[in-house]
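**Student:** Sharing upload14.txt (compact mmCIF, C-alpha atoms) below.
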# COMPACT_ATOMS: atom_id res chain seq x y z
CA MET H 15 121.58 122.80 88.81
CA ALA H 16 119.39 125.43 90.45
CA THR H 17 116.28 123.76 89.03
CA THR H 18 117.37 120.38 90.40
CA GLU H 19 117.94 121.80 93.89
CA ALA H 20 114.56 123.55 93.79
CA VAL H 21 112.81 120.29 92.89
CA LYS H 22 114.60 118.48 95.71
CA ALA H 23 113.69 121.20 98.20
CA ARG H 24 110.03 121.07 97.23
CA THR H 25 110.06 117.28 97.44
CA LEU H 26 111.61 117.31 100.91
CA LEU H 27 109.05 119.89 102.00
CA GLY H 28 106.28 117.59 100.79
CA GLU H 29 107.78 114.61 102.62
CA CYS H 30 108.07 116.60 105.85
CA SER H 31 104.51 117.85 105.42
CA ALA H 32 103.37 114.24 105.14
CA GLU H 33 105.32 113.27 108.27
CA PHE H 34 103.71 116.17 110.13
CA ALA H 35 100.25 115.07 108.98
CA GLY H 36 100.80 111.39 109.75
CA THR H 37 102.14 112.07 113.24
CA PHE H 38 99.34 114.57 113.83
CA ILE H 39 96.74 111.89 113.08
CA LEU H 40 98.56 109.35 115.27
CA ILE H 41 98.49 111.65 118.30
CA LEU H 42 94.89 112.74 117.78
CA PHE H 43 93.84 109.11 118.19
CA GLY H 44 96.43 108.16 120.83
CA VAL H 45 96.40 111.08 123.24
CA GLY H 46 92.70 111.57 122.59
CA VAL H 47 91.80 108.08 123.77
CA VAL H 48 93.92 108.41 126.91
CA ALA H 49 92.15 111.68 127.75
CA GLN H 50 88.80 109.94 127.24
CA VAL H 51 89.69 106.95 129.42
CA VAL H 52 91.57 108.74 132.21
CA ALA H 53 89.66 111.99 132.55
CA GLY H 54 86.33 111.03 131.02
CA GLY H 55 86.04 107.56 132.53
CA ILE H 56 84.99 106.00 129.22
CA GLY H 57 86.85 102.86 128.13
CA ASP H 58 89.80 100.94 129.55
CA HIS H 59 93.32 99.75 128.76
CA ASP H 60 92.12 97.79 125.74
CA SER H 61 90.50 100.95 124.36
CA ILE H 62 93.86 102.68 124.65
CA ALA H 63 95.78 99.87 122.98
CA TRP H 64 93.37 99.63 120.06
CA ALA H 65 93.09 103.38 119.51
CA TRP H 66 96.88 103.78 119.44
CA GLY H 67 97.06 100.96 116.91
CA ILE H 68 94.35 102.58 114.79
CA GLY H 69 96.20 105.87 115.05
CA VAL H 70 99.32 104.21 113.65
CA ILE H 71 97.34 102.65 110.80
CA MET H 72 95.71 105.93 109.81
CA GLY H 73 98.86 107.98 110.29
CA VAL H 74 100.88 105.69 108.05
CA TYR H 75 98.17 105.57 105.39
CA VAL H 76 98.04 109.38 105.38
CA SER H 77 101.80 109.82 104.95
CA ALA H 78 103.29 106.69 103.40
CA ARG H 79 103.08 107.60 99.72
CA LEU H 80 105.03 110.82 100.15
CA SER H 81 107.39 110.11 103.03
CA GLY H 82 107.39 106.38 103.74
CA GLY H 83 105.18 106.86 106.80
CA HIS H 84 107.88 106.83 109.47
CA ILE H 85 105.92 109.02 111.98
CA ASN H 86 108.57 108.09 114.56
CA PRO H 87 112.08 109.58 114.95
CA ALA H 88 113.47 106.25 116.18
CA VAL H 89 112.26 104.57 112.98
CA THR H 90 113.75 107.34 110.83
CA ILE H 91 117.15 107.03 112.53
CA ALA H 92 117.14 103.23 112.24
CA LEU H 93 116.23 103.38 108.53
CA ALA H 94 119.04 105.88 107.92
CA THR H 95 121.50 103.62 109.76
CA PHE H 96 120.50 100.28 108.24
CA ARG H 97 118.46 100.96 105.09
CA GLY H 98 120.10 103.84 103.27
CA PHE H 99 117.52 106.48 104.10
CA PRO H 100 119.31 109.80 103.34
CA TRP H 101 120.89 111.30 106.44
CA ARG H 102 120.25 114.80 105.11
CA LYS H 103 116.52 114.14 105.58
CA VAL H 104 116.74 112.81 109.13
CA LEU H 105 116.58 116.11 111.03
CA PRO H 106 113.82 117.60 108.82
CA TYR H 107 111.75 114.42 109.26
CA ILE H 108 112.27 114.42 113.03
CA GLY H 109 111.38 118.10 113.25
CA ALA H 110 108.15 117.49 111.33
CA GLN H 111 107.27 114.52 113.52
CA PHE H 112 107.76 116.48 116.74
CA LEU H 113 105.75 119.41 115.41
CA GLY H 114 102.93 117.12 114.31
CA ALA H 115 102.80 115.48 117.73
CA PHE H 116 102.89 118.84 119.51
CA ALA H 117 100.13 120.34 117.36
CA ALA H 118 97.85 117.33 117.83
CA ALA H 119 98.40 117.32 121.59
CA MET H 120 97.45 121.00 121.70
CA VAL H 121 94.18 120.14 119.92
CA VAL H 122 93.46 117.38 122.45
CA ARG H 123 94.35 119.68 125.35
CA TRP H 124 92.00 122.36 124.00
CA ASN H 125 89.17 119.95 123.27
CA TYR H 126 89.33 118.14 126.62
CA ASP H 127 90.12 121.24 128.68
CA LYS H 128 86.96 121.27 130.81
CA VAL H 129 87.07 117.54 131.45
CA LEU H 130 90.73 117.63 132.46
CA GLU H 131 90.22 120.65 134.72
CA LYS H 132 87.29 118.96 136.50
CA PHE H 133 89.09 115.62 136.85
CA ASP H 134 92.37 117.17 138.03
CA PRO H 135 91.99 120.88 138.91
CA GLY H 136 95.66 121.24 139.80
CA LEU H 137 96.85 119.62 136.56
CA THR H 138 99.09 117.24 138.49
CA ILE H 139 100.59 113.80 138.02
CA LYS H 140 97.03 112.48 138.28
CA SER H 141 96.32 113.45 134.67
CA GLN H 142 99.82 114.07 133.33
CA GLY H 143 99.81 110.56 131.88
CA VAL H 144 97.16 111.67 129.39
CA PHE H 145 99.90 113.42 127.44
CA SER H 146 103.19 111.73 128.31
CA THR H 147 104.40 108.42 129.66
CA LEU H 148 105.53 107.69 133.21
CA PRO H 149 107.29 104.75 134.88
CA GLY H 150 104.65 102.28 135.99
CA ASN H 151 102.07 104.60 134.37
CA GLY H 152 102.45 106.93 137.35
CA SER H 153 102.08 104.28 140.06
CA THR H 154 104.41 104.27 143.06
CA GLU H 155 103.36 100.73 144.00
CA LEU H 156 104.86 98.76 141.09
CA GLY H 157 108.46 99.49 142.01
CA VAL H 158 109.25 100.86 138.55
CA GLY H 159 111.47 103.91 138.34
CA MET H 160 113.37 105.85 135.71
CA TRP H 161 115.84 103.10 134.82
CA GLY H 162 113.16 100.43 134.69
CA GLY H 163 111.28 102.59 132.22
CA PHE H 164 114.46 103.12 130.21
CA LEU H 165 115.06 99.39 129.83
CA ASP H 166 111.42 98.82 128.95
CA GLN H 167 111.58 101.45 126.20
CA ILE H 168 114.66 99.84 124.67
CA ILE H 169 113.02 96.40 124.60
CA GLY H 170 109.64 97.63 123.34
CA THR H 171 111.09 99.67 120.50
CA ALA H 172 113.47 96.87 119.53
CA ILE H 173 110.41 94.63 119.09
CA LEU H 174 108.68 97.36 117.08
CA MET H 175 111.59 97.95 114.70
CA MET H 176 112.48 94.31 114.22
CA VAL H 177 108.94 93.42 113.19
CA ILE H 178 108.49 96.54 111.03
CA LEU H 179 111.52 95.52 108.98
CA ALA H 180 110.07 92.04 108.57
CA ILE H 181 106.74 93.48 107.45
CA VAL H 182 108.21 95.82 104.82
CA ASP H 183 110.91 93.44 103.55
CA LEU H 184 109.84 92.37 100.07
CA ARG H 185 112.28 89.45 100.23
CA ASN H 186 110.30 88.09 103.15
CA VAL H 187 106.51 87.52 103.20
CA ALA H 188 105.53 91.19 103.01
CA PRO H 189 101.76 91.90 103.18
CA ALA H 190 100.16 92.48 99.79
CA ALA H 191 97.63 95.07 98.59
CA ASN H 192 98.98 97.90 100.77
CA LEU H 193 98.15 96.07 104.01
CA GLY H 194 101.50 96.94 105.59
CA PRO H 195 100.16 99.89 107.66
CA PHE H 196 97.31 97.72 108.96
CA ILE H 197 99.71 95.00 110.11
CA ILE H 198 102.03 97.56 111.71
CA GLY H 199 99.02 98.94 113.58
CA LEU H 200 98.25 95.46 114.91
CA LEU H 201 101.88 95.24 116.00
CA VAL H 202 101.44 98.39 118.09
CA VAL H 203 98.23 97.01 119.60
CA GLY H 204 100.14 93.88 120.59
CA ILE H 205 102.98 95.86 122.13
CA GLY H 206 100.47 97.95 124.07
CA MET H 207 98.76 94.87 125.46
CA ALA H 208 101.98 93.05 126.34
CA TRP H 209 104.44 95.87 127.16
CA GLY H 210 102.34 98.69 128.60
CA THR H 211 102.86 98.26 132.34
CA LEU H 212 106.38 99.49 132.99
CA ALA H 213 106.57 102.64 130.87
CA GLY H 214 103.37 103.16 128.89
CA TYR H 215 104.93 101.91 125.62
CA ALA H 216 105.84 105.31 124.16
CA ILE H 217 108.27 103.58 121.73
CA ASN H 218 108.35 106.88 119.82
CA PRO H 219 110.24 110.03 120.91
CA ALA H 220 107.86 112.38 119.06
CA ARG H 221 104.79 110.69 120.54
CA ASP H 222 106.06 111.46 124.04
CA PHE H 223 107.99 114.72 123.87
CA GLY H 224 105.56 116.65 121.65
CA PRO H 225 102.57 116.09 123.97
CA ARG H 226 104.81 116.49 127.03
CA LEU H 227 105.83 119.95 125.84
CA ALA H 228 102.23 120.82 125.00
CA SER H 229 101.12 119.85 128.51
CA TYR H 230 103.95 121.84 130.09
CA LEU H 231 103.01 124.96 128.15
CA THR H 232 99.35 124.62 129.16
CA GLY H 233 99.70 124.29 132.92
CA TYR H 234 101.39 120.99 133.77
CA GLY H 235 104.38 122.38 135.65
CA GLY H 236 105.78 118.94 136.48
CA ALA H 237 105.51 117.54 132.96
CA PHE H 238 109.23 116.83 132.59
CA LYS H 239 109.44 114.81 135.82
CA ASP H 240 107.96 111.51 136.95
CA GLN H 241 105.98 110.75 140.11
CA PHE H 242 109.23 110.44 142.08
CA GLY H 243 110.46 113.87 141.03
CA ASP H 244 113.15 112.46 138.72
CA PRO H 245 113.76 114.03 135.28
CA TYR H 246 112.03 111.50 133.04
CA PHE H 247 111.49 113.30 129.73
CA TRP H 248 114.72 111.92 128.22
CA VAL H 249 113.78 108.26 128.77
CA PRO H 250 111.14 108.01 125.97
CA ILE H 251 113.56 109.81 123.65
CA VAL H 252 116.85 107.99 124.18
CA GLY H 253 115.40 104.56 124.99
CA PRO H 254 113.41 104.20 121.74
CA ILE H 255 116.34 105.35 119.59
CA ILE H 256 118.64 102.73 121.15
CA GLY H 257 115.89 100.11 120.91
CA ALA H 258 115.17 100.80 117.23
CA LEU H 259 118.84 100.44 116.36
CA ILE H 260 119.04 97.16 118.28
CA GLY H 261 115.86 95.86 116.64
CA ALA H 262 117.10 96.66 113.13
CA LEU H 263 120.46 95.05 113.87
CA LEU H 264 118.77 91.90 115.20
CA TYR H 265 116.56 91.59 112.14
CA ASP H 266 119.51 91.84 109.79
CA LEU H 267 121.63 89.42 111.82
CA LEU H 268 118.94 86.80 112.39
CA VAL H 269 116.83 87.05 109.22
CA GLY H 270 117.75 89.69 106.69
CA ARG H 271 121.23 88.48 105.79
CA HIS H 272 119.92 84.97 105.16
CA LEU H 273 117.24 85.99 102.65
CA PRO H 274 117.98 85.73 98.92
CA VAL H 275 118.70 88.96 97.08
CA GLY H 276 117.63 89.26 93.44
CA GLU H 277 117.89 92.03 90.91
CA ALA H 278 114.17 92.75 91.21
CA ASP H 279 114.25 93.04 95.01
CA GLU H 280 113.85 96.47 96.53
CA GLU H 281 115.58 97.45 99.73
CA PRO H 282 112.99 97.52 102.53
CA GLY H 283 112.42 100.83 104.24
CA ARG H 284 113.44 103.03 101.33
CA ILE H 285 111.26 105.66 99.70
CA PRO H 286 111.50 106.64 96.04
CA GLU H 287 114.33 109.00 95.16
CA GLU H 288 113.34 112.47 93.99
CA GLU H 289 112.65 112.88 90.30
CA THR H 290 114.70 115.69 88.80
CA THR H 291 113.27 115.85 85.33
CA ALA H 292 112.65 119.28 83.90
Please render this file's structure as structure tokens.
**Tutor:**
Amino acid sequence: MATTEAVKARTLLGECSAEFAGTFILILFGVGVVAQVVAGGIGDHDSIAWAWGIGVIMGVYVSARLSGGHINPAVTIALATFRGFPWRKVLPYIGAQFLGAFAAAMVVRWNYDKVLEKFDPGLTIKSQGVFSTLPGNGSTELGVGMWGGFLDQIIGTAILMMVILAIVDLRNVAPAANLGPFIIGLLVVGIGMAWGTLAGYAINPARDFGPRLASYLTGYGGAFKDQFGDPYFWVPIVGPIIGALIGALLYDLLVGRHLPVGEADEEPGRIPEEETTA
């Protein structure tokens, strides 16, 4: 019994290590490109959308074999709710994802320090969007506030989760030859290009809160508020979780329950159970 528990503990540690690494890679690409565009003046919105998509691709490829490549707490919670992912692993996965995002954001903050300080000496709302999302991407002219951003995050993450389940569902037309991460990355590029105006398409609580905390600890005193002074940090946490649950439910209601189930079919979204052989 003790040996079995030790094997499980080591396996969970490995899975969480992979989630940390995958999320770390995601944020290096994602927050890094925003720092380059906003503070360095190199690139544009399309650069941001593509780099975030590439970050997802690389992050999932880094982590998928060990952990399933969730790299997103909203995805982890949805898979536990609808796909039998073990609930005992949810909090460790989420903790690893937040830590990975935080660590990567600290690297970006350190690397781009001089550029950020020159672009925005006071470390204000002007460059806060490098690390965390804001309603209307920090604009006061679009008429988007906290609740508009909240709705946008629900819709955007519902799209993300619904399509992810379609991509990984072996009963559907799942991509072959390990192309799933590549297609999911394209999905994120598409969401960025179509759903980036109202709330910066965080669609991932770790992606937003980890860098937000890193920016707060390194001089951005207003990091937890938006440009209107409202507490905004909770929006990219709660909104994506609700959205992922809605997206998973919609996929099952509209598609999943109508697909044939055979003995050889694997449940989408699962990862292999731990081996407990001596």
**Student:** Identify which of the residues H:Ile56, H:Leu268, H:Leu263, H:Ile168 lies closest to H:Phe96, counting only C-alpha atoms when measuring atom-to-atom distances.
**Tutor:**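 Ranked by minimum distance to H:Phe96, first place goes to H:Leu263.
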**Student:** How many Å separate atom CA of H:Val48 from atom CA of H:Ala88?
**Tutor:** 22.4 Å
**Student:** May I ask which of the residues H:Gln50, H:Thr138, H:Thr147, H:Ser229 is the closest one to H:Gly210, counting only C-alpha atoms?
**Tutor:**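 The closest residue to H:Gly210 is H:Thr147.
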**Student:** Give me, please, the distance in Å between atom CA of H:Leu227 and atom CA of H:Ile108, quoted to one decimal.
**Tutor:**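 Atom-to-atom, atom CA of H:Leu227 to atom CA of H:Ile108, that is 15.4 Å.
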**Student:** Between atom CA of H:Leu80 and atom CA of H:Leu113, what is the distance in Å, rounded to a tenth?
**Tutor:**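 Here the two named atoms are 17.5 Å from each other.
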**Student:** I'd like the neighbourhood of H:Ala213 as a VMD selection string, where a residue qualifies if any of its atoms comes within 12 Å (using only C-alpha atoms), though same-chain residues fewer than 3 positions away should be ignored.
**Tutor:** chain H and resid 143 146 to 153 156 to 171 205 to 206 208 to 210 216 to 218 222 240 246 to 247 249 to 250 253 to 254
